[in-house]
Amino acid sequence: MGNVIASAVVSLDGFVADTEDQVGPLFDWYGNGPVEVYGSDPGRPFHVSPASAEYIGSTWPKVRSCIIGRRLFDITNGWNGVPAVGDHVFVVTHEPPTDWPFPDAPFTFVNGIEEAVAKAKAFAGDGDVTITGGNLTGQALAAGLVDEIAYSLAPALLGTGHRFFGDYTGGTVLLDNPRVVEGDRVTHLHYRVIR
């Protein structure tokens, strides 16, 4: 069985986007290096440092399904029906879209984080499941559903915005020592949740 990984690019003060849902300098590292890498979309290349490329190469190919919230789905228009990473996306929402122009895309709309994780894990089999940072991460942590945290730390302070762990107010969660990969304009911190 694969792992459930809470994952996002995060500012030093813990935000994944500002109050206007803009990532600003957080994503600079996706375009500042000489190594071309791809997620699931062959038309969406990233150009990263060799260290980030090695980290991506050791993590992204293991991802089979992703869980995102309705906000990210709407902001990206579901990446026009092509998952950013993995083969299938599970969107947590109380109101699935009725007019999305990609009805045959590998996207499933589900009602809550528990249902999303159960379905994503069933789809992924031995592969990994990612949960995008934000309120979903906080909900999944509170429910004990997260195995690992992939925290790509960008050297920026946003001051306010959407937090990686959302409104998490649960108990203390302990993590193993991180795997640390120093890229260019990003430090990848990969933790295992101690159970």
# chains A, B, ... in the order shown; residues from 1 in each chain; ligands from 1
call {"tool": "select_by_dssp", "arguments": {"residues": "segment 40-97 of chain A", "states": "strand (DSSP E or B)", "output": "PyMOL selection string"}}
result
chain A and resi 45-48+63-69+88-92
call {"tool": "residues_around", "arguments": {"residues": "Asp74 of chain A", "least_positions_apart": "2", "cutoff": "12 Å", "atoms": "only C-alpha atoms", "output": "NGL selection string"}}
result
:A and (21 or 68-72 or 76-81 or 91-93 or 95-97 or 99-100)
call {"tool": "write_last_selection", "arguments": {"atoms": "C-alpha atoms", "output": "PDB file, in the first residue's frame"}}
result
ATOM      1  CA  ASP A  21      -5.008  32.878  -4.235  1.00  0.00           C
ATOM      2  CA  ILE A  68      -7.550  18.692  -4.097  1.00  0.00           C
ATOM      3  CA  GLY A  69     -10.242  21.052  -2.870  1.00  0.00           C
ATOM      4  CA  ARG A  70     -12.844  22.860  -4.898  1.00  0.00           C
ATOM      5  CA  ARG A  71     -10.977  26.183  -4.596  1.00  0.00           C
ATOM      6  CA  LEU A  72      -7.852  24.826  -6.335  1.00  0.00           C
ATOM      7  CA  THR A  76      -6.831  25.970 -12.217  1.00  0.00           C
ATOM      8  CA  ASN A  77      -9.970  24.861 -14.086  1.00  0.00           C
ATOM      9  CA  GLY A  78      -8.852  21.356 -13.149  1.00  0.00           C
ATOM     10  CA  TRP A  79      -5.721  21.915 -15.252  1.00  0.00           C
ATOM     11  CA  ASN A  80      -8.035  21.612 -18.282  1.00  0.00           C
ATOM     12  CA  GLY A  81      -8.741  17.983 -17.479  1.00  0.00           C
ATOM     13  CA  VAL A  91     -11.941  16.835  -5.776  1.00  0.00           C
ATOM     14  CA  VAL A  92     -13.516  17.432  -2.367  1.00  0.00           C
ATOM     15  CA  THR A  93     -16.639  19.530  -2.837  1.00  0.00           C
ATOM     16  CA  GLU A  95     -21.262  20.992  -5.175  1.00  0.00           C
ATOM     17  CA  PRO A  96     -19.720  19.230  -8.195  1.00  0.00           C
ATOM     18  CA  PRO A  97     -19.600  21.429 -11.302  1.00  0.00           C
ATOM     19  CA  ASP A  99     -20.816  22.691 -16.709  1.00  0.00           C
ATOM     20  CA  TRP A 100     -17.152  21.638 -16.629  1.00  0.00           C
TER      21      TRP A 100
END
call {"tool": "select_by_dssp", "arguments": {"residues": "segment 13-58 of chain A", "states": "helix (DSSP H, G or I)", "output": "PyMOL selection string"}}
result
chain A and resi 24-31+50-58
call {"tool": "write_last_selection", "arguments": {"atoms": "N, CA and C atoms", "output": "PDB file, in the first residue's frame"}}
result
ATOM      1  N   GLY A  24       2.637  33.911  -6.187  1.00  0.00           N
ATOM      2  CA  GLY A  24       3.762  34.848  -6.258  1.00  0.00           C
ATOM      3  C   GLY A  24       5.093  34.129  -6.420  1.00  0.00           C
ATOM      4  N   PRO A  25       6.082  34.458  -5.567  1.00  0.00           N
ATOM      5  CA  PRO A  25       7.429  33.898  -5.721  1.00  0.00           C
ATOM      6  C   PRO A  25       7.560  32.444  -5.277  1.00  0.00           C
ATOM      7  N   LEU A  26       6.502  31.864  -4.731  1.00  0.00           N
ATOM      8  CA  LEU A  26       6.610  30.484  -4.237  1.00  0.00           C
ATOM      9  C   LEU A  26       6.959  29.495  -5.348  1.00  0.00           C
ATOM     10  N   PHE A  27       6.493  29.764  -6.548  1.00  0.00           N
ATOM     11  CA  PHE A  27       6.709  28.833  -7.651  1.00  0.00           C
ATOM     12  C   PHE A  27       7.901  29.214  -8.526  1.00  0.00           C
ATOM     13  N   ASP A  28       8.693  30.203  -8.129  1.00  0.00           N
ATOM     14  CA  ASP A  28       9.842  30.613  -8.953  1.00  0.00           C
ATOM     15  C   ASP A  28      10.770  29.450  -9.273  1.00  0.00           C
ATOM     16  N   TRP A  29      10.950  28.546  -8.326  1.00  0.00           N
ATOM     17  CA  TRP A  29      11.890  27.441  -8.519  1.00  0.00           C
ATOM     18  C   TRP A  29      11.457  26.479  -9.617  1.00  0.00           C
ATOM     19  N   TYR A  30      10.176  26.499  -9.991  1.00  0.00           N
ATOM     20  CA  TYR A  30       9.701  25.628 -11.076  1.00  0.00           C
ATOM     21  C   TYR A  30      10.221  26.069 -12.446  1.00  0.00           C
ATOM     22  N   GLY A  31      10.815  27.252 -12.522  1.00  0.00           N
ATOM     23  CA  GLY A  31      11.270  27.738 -13.824  1.00  0.00           C
ATOM     24  C   GLY A  31      12.656  28.327 -13.816  1.00  0.00           C
ATOM     25  N   PRO A  50      19.200  20.702 -10.685  1.00  0.00           N
ATOM     26  CA  PRO A  50      19.466  19.255 -10.657  1.00  0.00           C
ATOM     27  C   PRO A  50      18.998  18.606  -9.356  1.00  0.00           C
ATOM     28  N   ALA A  51      19.184  19.279  -8.220  1.00  0.00           N
ATOM     29  CA  ALA A  51      18.765  18.692  -6.942  1.00  0.00           C
ATOM     30  C   ALA A  51      17.249  18.547  -6.873  1.00  0.00           C
ATOM     31  N   SER A  52      16.507  19.564  -7.317  1.00  0.00           N
ATOM     32  CA  SER A  52      15.046  19.485  -7.325  1.00  0.00           C
ATOM     33  C   SER A  52      14.574  18.428  -8.322  1.00  0.00           C
ATOM     34  N   ALA A  53      15.250  18.327  -9.464  1.00  0.00           N
ATOM     35  CA  ALA A  53      14.882  17.315 -10.456  1.00  0.00           C
ATOM     36  C   ALA A  53      15.049  15.914  -9.887  1.00  0.00           C
ATOM     37  N   GLU A  54      16.121  15.705  -9.139  1.00  0.00           N
ATOM     38  CA  GLU A  54      16.333  14.394  -8.525  1.00  0.00           C
ATOM     39  C   GLU A  54      15.244  14.102  -7.492  1.00  0.00           C
ATOM     40  N   TYR A  55      14.898  15.102  -6.685  1.00  0.00           N
ATOM     41  CA  TYR A  55      13.835  14.925  -5.692  1.00  0.00           C
ATOM     42  C   TYR A  55      12.501  14.626  -6.376  1.00  0.00           C
ATOM     43  N   ILE A  56      12.153  15.423  -7.390  1.00  0.00           N
ATOM     44  CA  ILE A  56      10.907  15.201  -8.134  1.00  0.00           C
ATOM     45  C   ILE A  56      10.906  13.807  -8.755  1.00  0.00           C
ATOM     46  N   GLY A  57      12.038  13.400  -9.322  1.00  0.00           N
ATOM     47  CA  GLY A  57      12.133  12.085  -9.945  1.00  0.00           C
ATOM     48  C   GLY A  57      11.972  10.937  -8.969  1.00  0.00           C
ATOM     49  N   SER A  58      12.239  11.193  -7.691  1.00  0.00           N
ATOM     50  CA  SER A  58      12.084  10.137  -6.680  1.00  0.00           C
ATOM     51  C   SER A  58      10.697  10.134  -6.040  1.00  0.00           C
TER      52      SER A  58
END
call {"tool": "residues_around", "arguments": {"residues": "segment 146-158 of chain A", "least_positions_apart": "6", "cutoff": "9 Å", "atoms": "only C-alpha atoms", "output": "mmCIF file with all heavy atoms, in the first residue's frame"}}
result
data_model
loop_
_atom_site.group_PDB
_atom_site.id
_atom_site.type_symbol
_atom_site.label_atom_id
_atom_site.label_comp_id
_atom_site.auth_asym_id
_atom_site.auth_seq_id
_atom_site.Cartn_x
_atom_site.Cartn_y
_atom_site.Cartn_z
ATOM 1 N N ASN A 3 1.576 5.548 0.265
ATOM 2 C CA ASN A 3 1.451 6.525 1.338
ATOM 3 C C ASN A 3 0.520 7.656 0.948
ATOM 4 O O ASN A 3 0.381 7.980 -0.228
ATOM 5 C CB ASN A 3 2.829 7.113 1.661
ATOM 6 C CG ASN A 3 3.756 6.076 2.239
ATOM 7 O OD1 ASN A 3 3.478 5.503 3.283
ATOM 8 N ND2 ASN A 3 4.864 5.831 1.562
ATOM 9 N N VAL A 4 -0.081 8.273 1.970
ATOM 10 C CA VAL A 4 -0.857 9.494 1.783
ATOM 11 C C VAL A 4 0.058 10.637 2.193
ATOM 12 O O VAL A 4 0.513 10.696 3.339
ATOM 13 C CB VAL A 4 -2.146 9.479 2.626
ATOM 14 C CG1 VAL A 4 -2.881 10.809 2.490
ATOM 15 C CG2 VAL A 4 -3.047 8.323 2.200
ATOM 16 N N ILE A 5 0.343 11.534 1.243
ATOM 17 C CA ILE A 5 1.344 12.574 1.445
ATOM 18 C C ILE A 5 0.690 13.953 1.310
ATOM 19 O O ILE A 5 0.154 14.289 0.251
ATOM 20 C CB ILE A 5 2.475 12.442 0.411
ATOM 21 C CG1 ILE A 5 3.087 11.035 0.459
ATOM 22 C CG2 ILE A 5 3.543 13.513 0.628
ATOM 23 C CD1 ILE A 5 3.975 10.709 -0.725
ATOM 24 N N ALA A 6 0.752 14.741 2.381
ATOM 25 C CA ALA A 6 0.321 16.134 2.312
ATOM 26 C C ALA A 6 1.463 16.911 1.669
ATOM 27 O O ALA A 6 2.592 16.860 2.146
ATOM 28 C CB ALA A 6 0.018 16.663 3.704
ATOM 29 N N SER A 7 1.167 17.637 0.592
ATOM 30 C CA SER A 7 2.248 18.207 -0.213
ATOM 31 C C SER A 7 1.884 19.584 -0.736
ATOM 32 O O SER A 7 0.764 19.807 -1.198
ATOM 33 C CB SER A 7 2.515 17.272 -1.394
ATOM 34 O OG SER A 7 3.477 17.804 -2.251
ATOM 35 N N ALA A 8 2.856 20.502 -0.669
ATOM 36 C CA ALA A 8 2.675 21.830 -1.268
ATOM 37 C C ALA A 8 3.989 22.597 -1.204
ATOM 38 O O ALA A 8 4.910 22.227 -0.476
ATOM 39 C CB ALA A 8 1.586 22.619 -0.563
ATOM 40 N N VAL A 9 4.048 23.676 -1.965
ATOM 41 C CA VAL A 9 5.132 24.650 -1.860
ATOM 42 C C VAL A 9 4.642 25.701 -0.863
ATOM 43 O O VAL A 9 3.514 26.192 -0.967
ATOM 44 C CB VAL A 9 5.453 25.299 -3.215
ATOM 45 C CG1 VAL A 9 6.587 26.298 -3.075
ATOM 46 C CG2 VAL A 9 5.801 24.227 -4.244
ATOM 47 N N VAL A 10 5.501 26.038 0.110
ATOM 48 C CA VAL A 10 5.069 26.845 1.241
ATOM 49 C C VAL A 10 6.066 27.975 1.495
ATOM 50 O O VAL A 10 7.275 27.784 1.376
ATOM 51 C CB VAL A 10 4.961 25.956 2.509
ATOM 52 C CG1 VAL A 10 4.335 26.717 3.655
ATOM 53 C CG2 VAL A 10 4.176 24.687 2.215
ATOM 54 N N SER A 11 5.542 29.136 1.886
ATOM 55 C CA SER A 11 6.403 30.249 2.272
ATOM 56 C C SER A 11 7.006 29.964 3.645
ATOM 57 O O SER A 11 6.516 29.118 4.389
ATOM 58 C CB SER A 11 5.604 31.549 2.320
ATOM 59 O OG SER A 11 4.662 31.521 3.378
ATOM 60 N N LEU A 12 8.039 30.695 3.992
ATOM 61 C CA LEU A 12 8.692 30.517 5.282
ATOM 62 C C LEU A 12 7.726 30.749 6.438
ATOM 63 O O LEU A 12 7.849 30.132 7.492
ATOM 64 C CB LEU A 12 9.896 31.461 5.392
ATOM 65 C CG LEU A 12 10.816 31.274 6.584
ATOM 66 C CD1 LEU A 12 11.390 29.862 6.626
ATOM 67 C CD2 LEU A 12 11.944 32.292 6.555
ATOM 68 N N ASP A 13 6.721 31.590 6.237
ATOM 69 C CA ASP A 13 5.739 31.822 7.291
ATOM 70 C C ASP A 13 4.499 30.943 7.156
ATOM 71 O O ASP A 13 3.481 31.187 7.792
ATOM 72 C CB ASP A 13 5.369 33.310 7.403
ATOM 73 C CG ASP A 13 4.970 33.962 6.090
ATOM 74 O OD1 ASP A 13 5.140 33.342 5.021
ATOM 75 O OD2 ASP A 13 4.495 35.109 6.130
ATOM 76 N N GLY A 14 4.573 29.896 6.333
ATOM 77 C CA GLY A 14 3.560 28.843 6.338
ATOM 78 C C GLY A 14 2.389 28.975 5.394
ATOM 79 O O GLY A 14 1.394 28.265 5.546
ATOM 80 N N PHE A 15 2.485 29.822 4.366
ATOM 81 C CA PHE A 15 1.361 30.023 3.449
ATOM 82 C C PHE A 15 1.609 29.363 2.089
ATOM 83 O O PHE A 15 2.721 29.374 1.575
ATOM 84 C CB PHE A 15 1.102 31.516 3.250
ATOM 85 C CG PHE A 15 0.706 32.231 4.507
ATOM 86 C CD1 PHE A 15 1.623 32.998 5.199
ATOM 87 C CD2 PHE A 15 -0.581 32.120 5.012
ATOM 88 C CE1 PHE A 15 1.270 33.654 6.366
ATOM 89 C CE2 PHE A 15 -0.947 32.767 6.179
ATOM 90 C CZ PHE A 15 -0.023 33.535 6.866
ATOM 91 N N VAL A 16 0.534 28.833 1.487
ATOM 92 C CA VAL A 16 0.620 28.233 0.156
ATOM 93 C C VAL A 16 0.156 29.200 -0.931
ATOM 94 O O VAL A 16 0.369 28.961 -2.116
ATOM 95 C CB VAL A 16 -0.175 26.912 0.076
ATOM 96 C CG1 VAL A 16 0.444 25.868 0.993
ATOM 97 C CG2 VAL A 16 -1.652 27.110 0.400
ATOM 98 N N ALA A 17 -0.503 30.282 -0.528
ATOM 99 C CA ALA A 17 -0.948 31.328 -1.460
ATOM 100 C C ALA A 17 -1.335 32.545 -0.635
ATOM 101 O O ALA A 17 -1.583 32.443 0.565
ATOM 102 C CB ALA A 17 -2.149 30.855 -2.280
ATOM 103 N N ASP A 18 -1.407 33.692 -1.309
ATOM 104 C CA ASP A 18 -1.824 34.896 -0.600
ATOM 105 C C ASP A 18 -3.350 34.959 -0.524
ATOM 106 O O ASP A 18 -4.045 34.021 -0.943
ATOM 107 C CB ASP A 18 -1.201 36.143 -1.236
ATOM 108 C CG ASP A 18 -1.701 36.436 -2.647
ATOM 109 O OD1 ASP A 18 -2.774 35.920 -3.061
ATOM 110 O OD2 ASP A 18 -1.025 37.187 -3.358
ATOM 111 N N GLY A 24 2.637 33.911 -6.187
ATOM 112 C CA GLY A 24 3.762 34.848 -6.258
ATOM 113 C C GLY A 24 5.093 34.129 -6.420
ATOM 114 O O GLY A 24 5.250 33.250 -7.277
ATOM 115 N N PRO A 25 6.082 34.458 -5.567
ATOM 116 C CA PRO A 25 7.429 33.898 -5.721
ATOM 117 C C PRO A 25 7.560 32.444 -5.277
ATOM 118 O O PRO A 25 8.616 31.852 -5.445
ATOM 119 C CB PRO A 25 8.281 34.808 -4.834
ATOM 120 C CG PRO A 25 7.346 35.275 -3.776
ATOM 121 C CD PRO A 25 6.018 35.435 -4.467
ATOM 122 N N LEU A 26 6.502 31.864 -4.731
ATOM 123 C CA LEU A 26 6.610 30.484 -4.237
ATOM 124 C C LEU A 26 6.959 29.495 -5.348
ATOM 125 O O LEU A 26 7.620 28.496 -5.107
ATOM 126 C CB LEU A 26 5.316 30.044 -3.541
ATOM 127 C CG LEU A 26 4.862 30.854 -2.333
ATOM 128 C CD1 LEU A 26 3.610 30.220 -1.720
ATOM 129 C CD2 LEU A 26 5.965 30.967 -1.304
ATOM 130 N N PHE A 27 6.493 29.764 -6.548
ATOM 131 C CA PHE A 27 6.709 28.833 -7.651
ATOM 132 C C PHE A 27 7.901 29.214 -8.526
ATOM 133 O O PHE A 27 8.113 28.608 -9.572
ATOM 134 C CB PHE A 27 5.458 28.721 -8.514
ATOM 135 C CG PHE A 27 4.374 27.841 -7.939
ATOM 136 C CD1 PHE A 27 4.411 27.388 -6.629
ATOM 137 C CD2 PHE A 27 3.305 27.455 -8.723
ATOM 138 C CE1 PHE A 27 3.420 26.581 -6.107
ATOM 139 C CE2 PHE A 27 2.301 26.636 -8.219
ATOM 140 C CZ PHE A 27 2.355 26.203 -6.912
ATOM 141 N N ASP A 28 8.693 30.203 -8.129
ATOM 142 C CA ASP A 28 9.842 30.613 -8.953
ATOM 143 C C ASP A 28 10.770 29.450 -9.273
ATOM 144 O O ASP A 28 11.322 29.359 -10.375
ATOM 145 C CB ASP A 28 10.644 31.724 -8.257
ATOM 146 C CG ASP A 28 9.941 33.071 -8.294
ATOM 147 O OD1 ASP A 28 8.876 33.189 -8.949
ATOM 148 O OD2 ASP A 28 10.460 34.005 -7.654
ATOM 149 N N TRP A 29 10.950 28.546 -8.326
ATOM 150 C CA TRP A 29 11.890 27.441 -8.519
ATOM 151 C C TRP A 29 11.457 26.479 -9.617
ATOM 152 O O TRP A 29 12.277 25.733 -10.145
ATOM 153 C CB TRP A 29 12.111 26.695 -7.199
ATOM 154 C CG TRP A 29 10.919 25.933 -6.704
ATOM 155 C CD1 TRP A 29 9.874 26.412 -5.977
ATOM 156 C CD2 TRP A 29 10.658 24.539 -6.890
ATOM 157 N NE1 TRP A 29 8.977 25.417 -5.700
ATOM 158 C CE2 TRP A 29 9.433 24.255 -6.245
ATOM 159 C CE3 TRP A 29 11.336 23.510 -7.539
ATOM 160 C CZ2 TRP A 29 8.873 22.978 -6.233
ATOM 161 C CZ3 TRP A 29 10.782 22.236 -7.526
ATOM 162 C CH2 TRP A 29 9.557 21.977 -6.876
ATOM 163 N N ILE A 131 -2.226 14.939 -1.049
ATOM 164 C CA ILE A 131 -3.268 15.889 -0.659
ATOM 165 C C ILE A 131 -2.635 17.263 -0.744
ATOM 166 O O ILE A 131 -1.594 17.513 -0.136
ATOM 167 C CB ILE A 131 -3.761 15.639 0.780
ATOM 168 C CG1 ILE A 131 -4.321 14.234 0.926
ATOM 169 C CG2 ILE A 131 -4.800 16.692 1.174
ATOM 170 C CD1 ILE A 131 -4.694 13.876 2.355
ATOM 171 N N THR A 137 -5.482 19.512 4.116
ATOM 172 C CA THR A 137 -4.357 18.954 4.867
ATOM 173 C C THR A 137 -4.682 18.934 6.354
ATOM 174 O O THR A 137 -4.458 17.930 7.033
ATOM 175 C CB THR A 137 -3.075 19.772 4.617
ATOM 176 O OG1 THR A 137 -2.724 19.633 3.245
ATOM 177 C CG2 THR A 137 -1.926 19.277 5.468
ATOM 178 N N ALA A 140 -7.254 16.213 7.021
ATOM 179 C CA ALA A 140 -6.671 14.869 6.919
ATOM 180 C C ALA A 140 -5.772 14.565 8.117
ATOM 181 O O ALA A 140 -5.778 13.447 8.637
ATOM 182 C CB ALA A 140 -5.900 14.736 5.614
ATOM 183 N N PHE A 164 -0.675 26.288 4.916
ATOM 184 C CA PHE A 164 -0.455 24.902 4.483
ATOM 185 C C PHE A 164 -1.339 23.933 5.259
ATOM 186 O O PHE A 164 -1.885 22.997 4.697
ATOM 187 C CB PHE A 164 1.019 24.526 4.662
ATOM 188 C CG PHE A 164 1.331 23.097 4.308
ATOM 189 C CD1 PHE A 164 1.500 22.715 2.993
ATOM 190 C CD2 PHE A 164 1.463 22.125 5.284
ATOM 191 C CE1 PHE A 164 1.792 21.396 2.653
ATOM 192 C CE2 PHE A 164 1.761 20.815 4.955
ATOM 193 C CZ PHE A 164 1.920 20.450 3.637
ATOM 194 N N LEU A 175 6.846 14.187 13.877
ATOM 195 C CA LEU A 175 7.386 13.765 12.594
ATOM 196 C C LEU A 175 8.790 13.227 12.781
ATOM 197 O O LEU A 175 9.521 13.673 13.668
ATOM 198 C CB LEU A 175 7.428 14.955 11.629
ATOM 199 C CG LEU A 175 6.136 15.773 11.491
ATOM 200 C CD1 LEU A 175 6.406 17.027 10.677
ATOM 201 C CD2 LEU A 175 5.041 14.947 10.877
ATOM 202 N N ARG A 185 16.196 28.236 -4.802
ATOM 203 C CA ARG A 185 15.007 28.974 -4.384
ATOM 204 C C ARG A 185 13.952 28.059 -3.760
ATOM 205 O O ARG A 185 12.782 28.398 -3.701
ATOM 206 C CB ARG A 185 14.386 29.786 -5.528
ATOM 207 C CG ARG A 185 15.328 30.762 -6.213
ATOM 208 C CD ARG A 185 15.859 31.832 -5.321
ATOM 209 N NE ARG A 185 14.796 32.667 -4.759
ATOM 210 C CZ ARG A 185 14.934 33.425 -3.684
ATOM 211 N NH1 ARG A 185 16.082 33.457 -3.049
ATOM 212 N NH2 ARG A 185 13.935 34.148 -3.235
ATOM 213 N N VAL A 186 14.366 26.877 -3.279
ATOM 214 C CA VAL A 186 13.458 25.959 -2.591
ATOM 215 C C VAL A 186 14.284 24.964 -1.787
ATOM 216 O O VAL A 186 15.391 24.584 -2.185
ATOM 217 C CB VAL A 186 12.540 25.209 -3.586
ATOM 218 C CG1 VAL A 186 13.351 24.278 -4.492
ATOM 219 C CG2 VAL A 186 11.424 24.460 -2.882
ATOM 220 N N THR A 187 13.752 24.576 -0.641
ATOM 221 C CA THR A 187 14.325 23.479 0.136
ATOM 222 C C THR A 187 13.215 22.457 0.339
ATOM 223 O O THR A 187 12.159 22.777 0.888
ATOM 224 C CB THR A 187 14.844 23.965 1.509
ATOM 225 O OG1 THR A 187 15.817 24.978 1.283
ATOM 226 C CG2 THR A 187 15.463 22.816 2.287
ATOM 227 N N HIS A 188 13.446 21.250 -0.133
ATOM 228 C CA HIS A 188 12.446 20.188 -0.017
ATOM 229 C C HIS A 188 12.653 19.490 1.324
ATOM 230 O O HIS A 188 13.737 18.961 1.601
ATOM 231 C CB HIS A 188 12.594 19.190 -1.164
ATOM 232 C CG HIS A 188 12.556 19.839 -2.510
ATOM 233 N ND1 HIS A 188 11.388 20.293 -3.085
ATOM 234 C CD2 HIS A 188 13.548 20.127 -3.389
ATOM 235 C CE1 HIS A 188 11.663 20.824 -4.268
ATOM 236 N NE2 HIS A 188 12.963 20.727 -4.475
ATOM 237 N N LEU A 189 11.614 19.493 2.142
ATOM 238 C CA LEU A 189 11.630 18.824 3.439
ATOM 239 C C LEU A 189 10.573 17.731 3.396
ATOM 240 O O LEU A 189 9.385 18.024 3.237
ATOM 241 C CB LEU A 189 11.314 19.820 4.563
ATOM 242 C CG LEU A 189 12.233 21.036 4.646
ATOM 243 C CD1 LEU A 189 11.668 22.073 5.605
ATOM 244 C CD2 LEU A 189 13.635 20.608 5.075
ATOM 245 N N HIS A 190 11.008 16.485 3.520
ATOM 246 C CA HIS A 190 10.085 15.359 3.395
ATOM 247 C C HIS A 190 10.081 14.587 4.713
ATOM 248 O O HIS A 190 11.111 14.019 5.101
ATOM 249 C CB HIS A 190 10.505 14.454 2.230
ATOM 250 C CG HIS A 190 9.394 13.623 1.711
ATOM 251 N ND1 HIS A 190 8.830 13.844 0.486
ATOM 252 C CD2 HIS A 190 8.729 12.589 2.240
ATOM 253 C CE1 HIS A 190 7.861 12.961 0.278
ATOM 254 N NE2 HIS A 190 7.794 12.178 1.343
ATOM 255 N N TYR A 191 8.961 14.610 5.415
ATOM 256 C CA TYR A 191 8.829 14.017 6.742
ATOM 257 C C TYR A 191 7.910 12.805 6.717
ATOM 258 O O TYR A 191 6.948 12.761 5.960
ATOM 259 C CB TYR A 191 8.187 15.009 7.717
ATOM 260 C CG TYR A 191 8.921 16.286 7.938
ATOM 261 C CD1 TYR A 191 8.673 17.399 7.115
ATOM 262 C CD2 TYR A 191 9.805 16.434 8.981
ATOM 263 C CE1 TYR A 191 9.316 18.602 7.342
ATOM 264 C CE2 TYR A 191 10.454 17.636 9.214
ATOM 265 C CZ TYR A 191 10.208 18.714 8.393
ATOM 266 O OH TYR A 191 10.846 19.912 8.620
ATOM 267 N N ARG A 192 8.171 11.859 7.598
ATOM 268 C CA ARG A 192 7.249 10.750 7.853
ATOM 269 C C ARG A 192 6.535 11.053 9.165
ATOM 270 O O ARG A 192 7.159 11.463 10.141
ATOM 271 C CB ARG A 192 8.008 9.441 7.956
ATOM 272 C CG ARG A 192 7.100 8.255 8.160
ATOM 273 C CD ARG A 192 7.386 7.158 7.128
ATOM 274 N NE ARG A 192 6.350 6.145 7.208
ATOM 275 C CZ ARG A 192 5.378 6.013 6.343
ATOM 276 N NH1 ARG A 192 5.313 6.793 5.302
ATOM 277 N NH2 ARG A 192 4.469 5.080 6.465
ATOM 278 N N VAL A 193 5.220 10.864 9.199
ATOM 279 C CA VAL A 193 4.433 11.075 10.415
ATOM 280 C C VAL A 193 4.680 9.903 11.352
ATOM 281 O O VAL A 193 4.611 8.730 10.954
ATOM 282 C CB VAL A 193 2.933 11.198 10.097
ATOM 283 C CG1 VAL A 193 2.103 11.280 11.371
ATOM 284 C CG2 VAL A 193 2.673 12.416 9.207
ATOM 285 N N ILE A 194 5.004 10.201 12.603
ATOM 286 C CA ILE A 194 5.212 9.160 13.605
ATOM 287 C C ILE A 194 3.850 8.733 14.135
ATOM 288 O O ILE A 194 3.055 9.558 14.563
ATOM 289 C CB ILE A 194 6.111 9.672 14.762
ATOM 290 C CG1 ILE A 194 7.509 10.017 14.239
ATOM 291 C CG2 ILE A 194 6.194 8.627 15.879
ATOM 292 C CD1 ILE A 194 8.399 10.672 15.263
ATOM 293 N N ARG A 195 3.604 7.453 14.114
ATOM 294 C CA ARG A 195 2.316 6.937 14.626
ATOM 295 C C ARG A 195 2.525 6.297 15.990
ATOM 296 O O ARG A 195 3.476 5.695 16.295
ATOM 297 C CB ARG A 195 1.751 5.909 13.669
ATOM 298 C CG ARG A 195 1.526 6.497 12.290
ATOM 299 C CD ARG A 195 0.081 6.360 11.870
ATOM 300 N NE ARG A 195 -0.077 6.724 10.489
ATOM 301 C CZ ARG A 195 -0.625 7.867 10.115
ATOM 302 N NH1 ARG A 195 -1.019 8.736 10.978
ATOM 303 N NH2 ARG A 195 -0.758 8.137 8.842
#
call {"tool": "atom_distance", "arguments": {"atom1": "atom CA of Ser65 of chain A", "atom2": "atom CA of Pro101 of chain A"}}
result
21.0 Å
call {"tool": "atom_distance", "arguments": {"atom1": "atom CA of Val89 of chain A", "atom2": "atom CA of Ala120 of chain A"}}
result
7.9 Å
call {"tool": "atom_distance", "arguments": {"atom1": "atom CA of Phe165 of chain A", "atom2": "atom CA of Ile113 of chain A"}}
result
13.9 Å
call {"tool": "residues_around", "arguments": {"residues": "Ala143 of chain A", "least_positions_apart": "2", "cutoff": "12 Å", "atoms": "only C-alpha atoms", "output": "list in words"}}
result
Gly112, Ile113, Glu114, Glu115, Val117, Leu136, Thr137, Gly138, Gln139, Ala140, Leu141, Leu145, Val146, Asp147, Tyr168, Thr169, Gly170, Gly171 and Val173 of chain A
call {"tool": "closest_residue", "arguments": {"among": "A:Gly39, A:Asp87, A:Gly33, A:Ser49", "to": "Gly127 of chain A", "atoms": "only C-alpha atoms"}}
result
A:Asp87
call {"tool": "residues_around", "arguments": {"residues": "Ala84 of chain A", "least_positions_apart": "6", "cutoff": "10 Å", "atoms": "only C-alpha atoms", "output": "number ranges by chain"}}
result
A: 38-42, 44, 60, 66, 78
call {"tool": "write_last_selection", "arguments": {"atoms": "C-alpha atoms", "output": "PDB file, in the first residue's frame"}}
result
ATOM      1  CA  TYR A  38       7.240  16.819 -16.270  1.00  0.00           C
ATOM      2  CA  GLY A  39       4.320  15.787 -14.122  1.00  0.00           C
ATOM      3  CA  SER A  40       1.417  14.075 -15.909  1.00  0.00           C
ATOM      4  CA  ASP A  41       0.980  16.698 -18.612  1.00  0.00           C
ATOM      5  CA  PRO A  42       3.548  16.392 -21.437  1.00  0.00           C
ATOM      6  CA  ARG A  44       3.584  21.464 -19.088  1.00  0.00           C
ATOM      7  CA  TRP A  60       6.277  12.237  -8.508  1.00  0.00           C
ATOM      8  CA  CYS A  66      -4.249  13.377  -5.957  1.00  0.00           C
ATOM      9  CA  GLY A  78      -8.852  21.356 -13.149  1.00  0.00           C
TER      10      GLY A  78
END
